[in-house]
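Written below as structure tokens is the structure these notes are about.
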Amino acid sequence: DTCRTSKPNFKKCRWLGVDRSKIREGQKYVCTNPCIAHPRKICSSVYGDIQRLQLDFCSFHARYCIDPDSCHPDNLVEIQNPNEFALCNGCYVQSCCRRPPTGVRIPGRRPLTDDNDRAARVTSTASSSSVKVTTNKSVSWKGVHN
């Protein structure tokens, strides 16, 4: 497999959203948080340096649990309550010994003021280098949103 990667925390989260409240209806938002690195997927670039695979979203906007302890290695589990660790409810309880927070105010969200902001994100993603991906465990992450 090949993947795109850049230096850890170099890319910004690719989340884009629209406010549906009556106060700011239609206002578009972007996230300025750094992307997260996958805990088990390892990438090696054409230059030979090895690093963890950087995902396209921050921990708060990841759609699926990154499952650091391989609790559900063959299933993609959707995150019900966004949190700073990108964990599903079960993994969050196991890791933190408490329920995941609900109604969290997600840091890094700001209004989109210019379409160039989105274009810059697309350009930076397209210019990332190709690398080979290996995993410490056999896990299939095909079709993952993050």
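Chain labels run A, B, ... following the order of the structure tokens; each chain numbers its residues from 1, and ligands are numbered from 1 in the order shown.
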Just the residues within 9 Å of Pro82 (chain A), please, counting only C-alpha atoms, with nothing from its chain fewer than 5 positions along; format it as number ranges by chain. A: 59-63, 87-88, 100-104, 106
Output C-alpha atoms for every residue in that selection, as a PDB file, in the first residue's frame.
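Written output follows (part-v4.pdb):
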ATOM      1  CA  SER A  59      -8.769  13.907  17.149  1.00  0.00           C
ATOM      2  CA  PHE A  60     -12.021  15.880  17.608  1.00  0.00           C
ATOM      3  CA  HIS A  61     -13.106  15.452  13.955  1.00  0.00           C
ATOM      4  CA  ALA A  62     -12.037  11.837  13.432  1.00  0.00           C
ATOM      5  CA  ARG A  63     -15.094   9.804  12.447  1.00  0.00           C
ATOM      6  CA  LEU A  87     -11.713   7.094  20.795  1.00  0.00           C
ATOM      7  CA  CYS A  88     -15.118   5.419  20.706  1.00  0.00           C
ATOM      8  CA  PRO A 100     -16.406  10.332  27.404  1.00  0.00           C
ATOM      9  CA  PRO A 101     -17.480  13.957  27.691  1.00  0.00           C
ATOM     10  CA  THR A 102     -20.647  15.057  25.918  1.00  0.00           C
ATOM     11  CA  GLY A 103     -21.292  18.449  24.406  1.00  0.00           C
ATOM     12  CA  VAL A 104     -17.595  19.270  24.167  1.00  0.00           C
ATOM     13  CA  ILE A 106     -14.248  21.657  19.988  1.00  0.00           C
TER      14      ILE A 106
END
Sorted by chain and rising residue number, which residues of region 48-74 of chain A lie within 6 Å of region 9-24 of chain A, and what are their closest atom pairs and distances in Å to one decimal, counting only C-alpha atoms, as a tab-separated table?
residue	atom	partner	partner_atom	distance
A:Asp56	CA	A:Cys13	CA	5.9
A:Phe57	CA	A:Cys13	CA	4.3
A:Cys58	CA	A:Cys13	CA	5.2
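Distance annotation: of A:His72, A:Arg40, A:Arg105, A:Lys28, the residue with the minimal separation from Cys91 (chain A) is A:His72; atom set is only C-alpha atoms.
Across the structure, CA of Phe85 (chain A) and CA of Ile50 (chain A) are spaced 22.7 Å apart.
Nearest to Arg110 (chain A) of all the residues A:Asn33, A:Ile66, A:Glu25, A:Asn81 is A:Asn33, based on only C-alpha atoms.
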